[in-house]
Structure formats: C-alpha cells, structure tokens
Amino acid sequence: MKVIHSLIALFLALAPTAIASAQDIERMPLLVHPEVTTHVVMPEDIKLVDISTDKIVANQSASNIVRLKPADEKNYGFLGTVTVIGERHIAQFNVFSSQSALTATSSYFVRNSEMKAYENPDISMTRSEMSKLSWAIFTSPRKFYNIHAKKYGIKIVINNIYTVNDKFFLDFSIYNSSKIKYDIEDIRIKLTDKKVSKATNSQTIELSPVFALNDAKSFKRSYRNVIVVDKLTFPDEKVLNLEVSEKQISGRTISVPIEYEDILNADCFITK
C-alpha cells in the first residue's frame, strides 16, 4: 500500500510538468468540410501523422503535405486532434467540422513559430538543410580537376567532394558533345572492386543517395547536379563509381571512378 501511495504522489508531482510540456505546442484550429480537401503543408519532411479520433481521415500526398477530411458528413463541431511530426519539429491541430464549404480551410502552411522543436536521433541533417548546402556547393567553383571520364561523346567530371556531418556531397557535371539529346534514365553510385578476377566473385554494393539537388531528366549540352550520400569508408582495393545511364534500349552509360584517396581529400564545407 505504501508503494501505491508513493507512485500516486510521484504522478501528482510530475503531472503539472507533463501538462505544461503538452501545452508548449500551440494547437492551430482547422476547419474541414466533406466537399473540401484540407492540405496541411509542413516546412520539412513529415515522418509521422497521428489522428486522435476516427472522425478524421487523412493521407500523405507528398513528403511534406497531409490531406484531411471529415470521415462522416454527420459529424459536427470538434472532431479531434491531429499531430504532425516532422524531421525535427512537431505541429498540432484542433480539427473542427465547418457547416459551409466556403469557410473550410483548403491550404494551411505551418509557420516555424507554430511548431515545437524536438531531438530526432534518426535525423542528422534535414532535407531542407541538405538543399541549402547543395545550392551553396552548386554555385561554388570547381576544385577537383583529375576525376573525369569520357565515352560516346559524353564527358562526366567531378567538380567537388564535400563532407558535412555524416554526409558526403558529390558535385558533378556532364557535357554532351554529340548532336543527340541525353535523356537520363538513372544516376547510381556503386562500390566495386578495382580489379575483377575470374577466379573470385566480384562484389558490388549500390549506395542509395539520400538527396539530389537537380531533378532534370534530360539535357542537350550540359548538366550539373549535387547528390548526397551517407558518409562511408572503404578499403583501397575498392573504388566508388558514379554511373549515369540513358533512357534507351541501347542507351549510353558512362561512369567515373572515385578513389578512396579522393574521398579522404573531401573538404569540410562551411557556409557563412
């Protein structure tokens, strides 16, 4: 019995703190209507959406957009609370059913002041941060001049390699000297053996970029992009290949090898 009383006393002591923490997040009002799709736009990618009631239906239509609607036309007044958890921020909404479609919220752009920051151990760098750094690198002068490859009238060069926190930023350009427009099928990064022996099995590891600045899929003369991959180390007998393939059955594929020594020479990018 003493243990129970102690637990109750502890809960009562912590309850005001818990309530105060919950109230730190301002709940924005949202008016919804069955004839209107309400879009909530976060300034960062969304990781989770929590709905406190089955009176609201929602789905994620883009990486940073959630669509809301009332589940039933007969529900009126307060429908429930929606919590949107981003990469490093949380936003909450009190959802109300509007009697008129004209007064319903069609788009709500969440401001930074309306969110509560939190530490997300799974996110070392947000997509917005990668985009800003990539643009800064994109406009920076070329520092690497010895990493390039040429084939089929296509030349690919590595402009810069930067490291920021636990990410590598690969800045590269492609030049087309042929008269045929180049349609990009895929951009891939592979870790392969330098020398392929017939007596042994060659192991290829494909790395998935976590961000790409330029989403253009075709170009006539020149193309530049910055892609981001998780920081890695690999043995000297391996090489990192940046491969670009063309959208055709007999499409042109070109790759440029990046030595581990070049990775070690990556600069730490610092913005002003």
# chains A, B, ... in the order shown; residues from 1 in each chain; ligands from 1
$ residues_around --residues "Glu243 of chain A" --least-positions-apart "5" --cutoff "8 Å" --atoms "only C-alpha atoms" --output "list of chain:residue names"
A:Ile187, A:Arg188, A:Ile189, A:Lys190, A:Thr253, A:Ile254, A:Ser255, A:Val256
$ write_last_selection --atoms "N, CA and C atoms" --output "mmCIF file, in the first residue's frame"
data_model
loop_
_atom_site.group_PDB
_atom_site.id
_atom_site.type_symbol
_atom_site.label_atom_id
_atom_site.label_comp_id
_atom_site.auth_asym_id
_atom_site.auth_seq_id
_atom_site.Cartn_x
_atom_site.Cartn_y
_atom_site.Cartn_z
ATOM 1 N N ILE A 187 20.798 7.651 -62.117
ATOM 2 C CA ILE A 187 22.104 8.027 -61.576
ATOM 3 C C ILE A 187 22.359 7.124 -60.376
ATOM 4 N N ARG A 188 23.413 6.335 -60.467
ATOM 5 C CA ARG A 188 23.675 5.328 -59.446
ATOM 6 C C ARG A 188 25.098 5.464 -58.912
ATOM 7 N N ILE A 189 25.250 5.068 -57.667
ATOM 8 C CA ILE A 189 26.570 5.070 -57.027
ATOM 9 C C ILE A 189 26.868 3.652 -56.574
ATOM 10 N N LYS A 190 27.990 3.106 -57.058
ATOM 11 C CA LYS A 190 28.330 1.722 -56.760
ATOM 12 C C LYS A 190 29.736 1.619 -56.183
ATOM 13 N N THR A 253 25.787 4.623 -71.415
ATOM 14 C CA THR A 253 26.058 4.575 -69.985
ATOM 15 C C THR A 253 27.512 4.934 -69.757
ATOM 16 N N ILE A 254 27.744 5.842 -68.830
ATOM 17 C CA ILE A 254 29.099 6.277 -68.532
ATOM 18 C C ILE A 254 29.272 6.347 -67.020
ATOM 19 N N SER A 255 30.453 5.971 -66.563
ATOM 20 C CA SER A 255 30.735 6.010 -65.130
ATOM 21 C C SER A 255 32.109 6.607 -64.893
ATOM 22 N N VAL A 256 32.262 7.239 -63.759
ATOM 23 C CA VAL A 256 33.542 7.829 -63.388
ATOM 24 C C VAL A 256 33.963 7.252 -62.035
#
$ residues_around --residues "segment 258-261 of chain A" --least-positions-apart "5" --cutoff "8 Å" --atoms "only C-alpha atoms" --output "PyMOL selection string"
chain A and resi 147+233-236+238-242
$ residues_around --residues "His148 of chain A" --least-positions-apart "4" --cutoff "7 Å" --atoms "only C-alpha atoms" --output "PDB file with C-alpha atoms, in the first residue's frame"
ATOM      1  CA  ILE A 156      31.399  13.361 -66.833  1.00  0.00           C
ATOM      2  CA  VAL A 157      33.561  15.260 -64.333  1.00  0.00           C
ATOM      3  CA  ILE A 158      33.618  15.531 -60.557  1.00  0.00           C
ATOM      4  CA  VAL A 256      33.542   7.829 -63.388  1.00  0.00           C
TER       5      VAL A 256
END
$ atom_distance --atom1 "atom CA of Ser52 of chain A" --atom2 "atom CA of Thr126 of chain A"
26.8 Å
$ residues_around --residues "Ser124 of chain A" --least-positions-apart "2" --cutoff "12 Å" --atoms "only C-alpha atoms" --output "number ranges by chain"
A: 87-88, 119-122, 126-130, 164-167, 210, 230-231
$ residues_around --residues "Lys220 of chain A" --least-positions-apart "3" --cutoff "9 Å" --atoms "only C-alpha atoms" --output "number ranges by chain"
A: 175-183, 223
$ write_last_selection --atoms "C-alpha atoms" --output "PDB file, in the first residue's frame"
ATOM      1  CA  TYR A 175      28.882  17.506 -71.022  1.00  0.00           C
ATOM      2  CA  ASN A 176      27.344  16.281 -74.278  1.00  0.00           C
ATOM      3  CA  SER A 177      29.410  16.915 -77.425  1.00  0.00           C
ATOM      4  CA  SER A 178      27.124  14.817 -79.638  1.00  0.00           C
ATOM      5  CA  LYS A 179      24.068  16.096 -81.512  1.00  0.00           C
ATOM      6  CA  ILE A 180      21.745  13.716 -79.655  1.00  0.00           C
ATOM      7  CA  LYS A 181      19.945  14.936 -76.557  1.00  0.00           C
ATOM      8  CA  TYR A 182      20.767  12.892 -73.457  1.00  0.00           C
ATOM      9  CA  ASP A 183      17.765  11.565 -71.512  1.00  0.00           C
ATOM     10  CA  TYR A 223      24.084  19.226 -66.834  1.00  0.00           C
TER      11      TYR A 223
END
$ closest_residue --among "A:Asp54, A:Glu114, A:Asp262, A:Asp171" --to "Ser140 of chain A" --atoms "only C-alpha atoms"
A:Asp171
$ atom_distance --atom1 "atom CA of Phe219 of chain A" --atom2 "atom CA of Glu246 of chain A"
11.1 Å
$ residues_around --residues "Lys143 of chain A" --least-positions-apart "3" --cutoff "10 Å" --atoms "only C-alpha atoms" --output "PyMOL selection string"
chain A and resi 140+146+158-161+267
$ select_by_dssp --residues "segment 1-120 of chain A" --states "strand (DSSP E or B)" --output "number ranges by chain"
A: 27-33, 36, 38-41, 46-51, 56-62, 65-70, 77-86, 89-97, 107-109, 116-117
$ write_last_selection --atoms "C-alpha atoms" --output "PDB file, in the first residue's frame"
ATOM      1  CA  ARG A  27      -2.796  23.769 -31.409  1.00  0.00           C
ATOM      2  CA  MET A  28      -3.866  25.569 -34.565  1.00  0.00           C
ATOM      3  CA  PRO A  29      -7.582  25.382 -35.493  1.00  0.00           C
ATOM      4  CA  LEU A  30      -8.509  23.767 -38.797  1.00  0.00           C
ATOM      5  CA  LEU A  31     -11.945  23.932 -40.380  1.00  0.00           C
ATOM      6  CA  VAL A  32     -12.748  20.932 -42.587  1.00  0.00           C
ATOM      7  CA  HIS A  33     -15.712  20.035 -44.775  1.00  0.00           C
ATOM      8  CA  VAL A  36     -13.165  20.410 -49.401  1.00  0.00           C
ATOM      9  CA  THR A  38      -7.704  20.403 -46.494  1.00  0.00           C
ATOM     10  CA  HIS A  39      -3.955  20.414 -47.172  1.00  0.00           C
ATOM     11  CA  VAL A  40      -1.511  20.914 -44.298  1.00  0.00           C
ATOM     12  CA  VAL A  41       1.924  21.911 -45.614  1.00  0.00           C
ATOM     13  CA  ILE A  46       6.841  14.538 -42.451  1.00  0.00           C
ATOM     14  CA  LYS A  47       7.804  11.373 -40.584  1.00  0.00           C
ATOM     15  CA  LEU A  48       4.530  10.548 -38.802  1.00  0.00           C
ATOM     16  CA  VAL A  49       0.897  11.696 -38.624  1.00  0.00           C
ATOM     17  CA  ASP A  50      -1.196  10.819 -35.564  1.00  0.00           C
ATOM     18  CA  ILE A  51      -5.005  11.237 -35.510  1.00  0.00           C
ATOM     19  CA  ILE A  56     -10.977  12.352 -39.365  1.00  0.00           C
ATOM     20  CA  VAL A  57      -9.437  10.638 -42.393  1.00  0.00           C
ATOM     21  CA  ALA A  58      -6.024  11.631 -43.715  1.00  0.00           C
ATOM     22  CA  ASN A  59      -3.257  10.576 -46.064  1.00  0.00           C
ATOM     23  CA  GLN A  60       0.144  11.933 -47.003  1.00  0.00           C
ATOM     24  CA  SER A  61       0.070  13.245 -50.570  1.00  0.00           C
ATOM     25  CA  ALA A  62       3.692  14.466 -50.637  1.00  0.00           C
ATOM     26  CA  ILE A  65       1.880  17.557 -47.216  1.00  0.00           C
ATOM     27  CA  VAL A  66      -1.023  15.880 -45.376  1.00  0.00           C
ATOM     28  CA  ARG A  67      -4.607  15.823 -46.714  1.00  0.00           C
ATOM     29  CA  LEU A  68      -7.519  15.890 -44.239  1.00  0.00           C
ATOM     30  CA  LYS A  69     -11.277  15.374 -44.487  1.00  0.00           C
ATOM     31  CA  PRO A  70     -14.094  14.549 -42.055  1.00  0.00           C
ATOM     32  CA  GLY A  77     -18.166  20.611 -34.137  1.00  0.00           C
ATOM     33  CA  PHE A  78     -14.864  19.419 -32.697  1.00  0.00           C
ATOM     34  CA  LEU A  79     -13.668  16.267 -34.479  1.00  0.00           C
ATOM     35  CA  GLY A  80     -10.323  15.608 -32.827  1.00  0.00           C
ATOM     36  CA  THR A  81      -6.628  16.444 -32.739  1.00  0.00           C
ATOM     37  CA  VAL A  82      -4.074  15.821 -35.486  1.00  0.00           C
ATOM     38  CA  THR A  83      -0.369  15.712 -34.648  1.00  0.00           C
ATOM     39  CA  VAL A  84       2.149  16.048 -37.476  1.00  0.00           C
ATOM     40  CA  ILE A  85       5.727  15.035 -36.664  1.00  0.00           C
ATOM     41  CA  GLY A  86       8.416  16.321 -38.999  1.00  0.00           C
ATOM     42  CA  HIS A  89       9.540  19.664 -35.309  1.00  0.00           C
ATOM     43  CA  ILE A  90       6.017  18.812 -34.128  1.00  0.00           C
ATOM     44  CA  ALA A  91       2.795  20.638 -35.037  1.00  0.00           C
ATOM     45  CA  GLN A  92      -0.698  20.016 -33.610  1.00  0.00           C
ATOM     46  CA  PHE A  93      -4.159  20.955 -34.881  1.00  0.00           C
ATOM     47  CA  ASN A  94      -7.640  21.036 -33.396  1.00  0.00           C
ATOM     48  CA  VAL A  95      -9.927  19.978 -36.238  1.00  0.00           C
ATOM     49  CA  PHE A  96     -13.491  21.306 -36.451  1.00  0.00           C
ATOM     50  CA  SER A  97     -16.224  20.488 -38.953  1.00  0.00           C
ATOM     51  CA  SER A 107      -4.451  25.025 -47.507  1.00  0.00           C
ATOM     52  CA  TYR A 108      -2.600  25.651 -44.259  1.00  0.00           C
ATOM     53  CA  PHE A 109       1.111  26.463 -44.390  1.00  0.00           C
ATOM     54  CA  LYS A 116       7.790  22.715 -31.311  1.00  0.00           C
ATOM     55  CA  ALA A 117      11.356  21.533 -31.861  1.00  0.00           C
TER      56      ALA A 117
END
$ closest_residue --among "A:Val110, A:Ala212, A:Leu170, A:Ala71" --to "Glu35 of chain A" --atoms "only C-alpha atoms"
A:Ala71
$ select_by_dssp --residues "segment 82-148 of chain A" --states "alpha helix (DSSP H)" --output "list of chain:residue names"
A:Arg127, A:Ser128, A:Glu129, A:Met130, A:Ser131, A:Lys132, A:Leu133, A:Ser134, A:Trp135, A:Ala136, A:Ile137, A:Phe138
$ write_last_selection --atoms "N, CA and C atoms" --output "compact mmCIF listing (two decimals), in the first residue's frame"
# COMPACT_ATOMS: atom_id res chain seq x y z
N ARG A 127 16.16 17.51 -44.86
CA ARG A 127 16.16 17.69 -46.32
C ARG A 127 16.35 19.15 -46.68
N SER A 128 15.77 20.05 -45.89
CA SER A 128 15.93 21.47 -46.14
C SER A 128 17.38 21.90 -45.97
N GLU A 129 18.04 21.36 -44.95
CA GLU A 129 19.45 21.69 -44.73
C GLU A 129 20.33 21.15 -45.86
N MET A 130 20.02 19.93 -46.33
CA MET A 130 20.78 19.37 -47.46
C MET A 130 20.57 20.19 -48.72
N SER A 131 19.36 20.68 -48.92
CA SER A 131 19.07 21.50 -50.10
C SER A 131 19.86 22.81 -50.07
N LYS A 132 19.90 23.47 -48.93
CA LYS A 132 20.63 24.75 -48.82
C LYS A 132 22.12 24.54 -49.04
N LEU A 133 22.68 23.47 -48.44
CA LEU A 133 24.10 23.20 -48.62
C LEU A 133 24.41 22.82 -50.07
N SER A 134 23.52 22.05 -50.69
CA SER A 134 23.73 21.65 -52.08
C SER A 134 23.72 22.85 -53.02
N TRP A 135 22.82 23.80 -52.78
CA TRP A 135 22.79 25.01 -53.62
C TRP A 135 24.08 25.81 -53.45
N ALA A 136 24.58 25.89 -52.22
CA ALA A 136 25.82 26.62 -51.98
C ALA A 136 27.00 25.94 -52.68
N ILE A 137 27.02 24.61 -52.67
CA ILE A 137 28.07 23.85 -53.35
C ILE A 137 27.92 23.98 -54.86
N PHE A 138 26.67 23.95 -55.34
CA PHE A 138 26.37 24.06 -56.77
C PHE A 138 26.94 25.34 -57.37
$ atom_distance --atom1 "atom CA of Pro141 of chain A" --atom2 "atom CA of Ile184 of chain A"
24.6 Å
$ closest_residue --among "A:Ala104, A:Ile174, A:Lys194, A:Ser208" --to "Lys151 of chain A" --atoms "only C-alpha atoms"
A:Ile174
$ closest_residue --among "A:Pro209, A:Pro257, A:Gly153, A:Gly251" --to "Arg221 of chain A" --atoms "only C-alpha atoms"
A:Gly153
$ closest_residue --among "A:Ser218, A:Thr105, A:Thr192, A:Ser173" --to "Lys150 of chain A" --atoms "only C-alpha atoms"
A:Ser173
$ decode --residues "segment 158-233 of chain A" --atoms "C-alpha atoms" --output "tab-separated table (two decimals), in the first residue's frame"
chain	number	residue	atom	x	y	z
A	158	ILE	CA	33.62	15.53	-60.56
A	159	ASN	CA	33.67	19.21	-59.57
A	160	ASN	CA	33.76	18.95	-55.78
A	161	ILE	CA	33.54	16.48	-52.93
A	162	TYR	CA	32.49	17.86	-49.57
A	163	THR	CA	31.75	16.32	-46.21
A	164	VAL	CA	29.27	17.82	-43.75
A	165	ASN	CA	28.49	15.96	-40.52
A	166	ASP	CA	27.81	12.36	-41.60
A	167	LYS	CA	27.07	13.16	-45.26
A	168	PHE	CA	29.12	13.32	-48.47
A	169	PHE	CA	28.14	15.87	-51.13
A	170	LEU	CA	29.20	14.88	-54.66
A	171	ASP	CA	29.13	17.77	-57.15
A	172	PHE	CA	29.43	16.63	-60.78
A	173	SER	CA	28.82	17.84	-64.34
A	174	ILE	CA	28.01	16.07	-67.59
A	175	TYR	CA	28.88	17.51	-71.02
A	176	ASN	CA	27.34	16.28	-74.28
A	177	SER	CA	29.41	16.92	-77.43
A	178	SER	CA	27.12	14.82	-79.64
A	179	LYS	CA	24.07	16.10	-81.51
A	180	ILE	CA	21.74	13.72	-79.65
A	181	LYS	CA	19.94	14.94	-76.56
A	182	TYR	CA	20.77	12.89	-73.46
A	183	ASP	CA	17.76	11.56	-71.51
A	184	ILE	CA	18.77	10.42	-68.04
A	185	GLU	CA	17.43	7.04	-67.00
A	186	ASP	CA	19.23	6.71	-63.68
A	187	ILE	CA	22.10	8.03	-61.58
A	188	ARG	CA	23.68	5.33	-59.45
A	189	ILE	CA	26.57	5.07	-57.03
A	190	LYS	CA	28.33	1.72	-56.76
A	191	LEU	CA	31.18	0.45	-54.64
A	192	THR	CA	33.08	-2.09	-56.78
A	193	ASP	CA	36.41	-3.93	-56.91
A	194	LYS	CA	39.22	-2.19	-58.76
A	195	LYS	CA	40.32	-5.43	-60.40
A	196	VAL	CA	37.83	-8.12	-61.32
A	197	SER	CA	39.32	-11.62	-61.21
A	198	LYS	CA	37.69	-14.57	-62.95
A	199	ALA	CA	38.72	-16.80	-60.08
A	200	THR	CA	36.89	-14.78	-57.46
A	201	ASN	CA	33.43	-13.34	-57.16
A	202	SER	CA	33.27	-9.60	-57.58
A	203	GLN	CA	31.10	-7.87	-55.01
A	204	THR	CA	29.22	-4.70	-55.93
A	205	ILE	CA	27.46	-2.62	-53.30
A	206	GLU	CA	24.99	0.01	-54.50
A	207	LEU	CA	24.57	3.12	-52.38
A	208	SER	CA	21.27	5.00	-52.36
A	209	PRO	CA	21.53	8.81	-52.50
A	210	VAL	CA	19.59	10.47	-49.70
A	211	PHE	CA	19.15	13.71	-51.68
A	212	ALA	CA	19.62	15.06	-55.22
A	213	LEU	CA	19.50	18.78	-55.97
A	214	ASN	CA	18.66	18.65	-59.69
A	215	ASP	CA	15.70	16.53	-60.80
A	216	ALA	CA	16.04	17.35	-64.52
A	217	LYS	CA	15.85	14.22	-66.68
A	218	SER	CA	17.30	15.47	-69.97
A	219	PHE	CA	19.81	17.95	-71.36
A	220	LYS	CA	21.31	18.92	-74.71
A	221	ARG	CA	24.75	20.28	-73.87
A	222	SER	CA	25.47	20.38	-70.15
A	223	TYR	CA	24.08	19.23	-66.83
A	224	ARG	CA	25.16	19.72	-63.23
A	225	ASN	CA	23.93	18.13	-60.04
A	226	VAL	CA	24.80	17.65	-56.38
A	227	ILE	CA	23.87	14.35	-54.77
A	228	VAL	CA	24.19	13.43	-51.11
A	229	VAL	CA	25.14	10.04	-49.69
A	230	ASP	CA	25.82	8.83	-46.19
A	231	LYS	CA	29.45	9.12	-45.18
A	232	LEU	CA	31.38	5.94	-45.82
A	233	THR	CA	34.82	4.39	-45.74
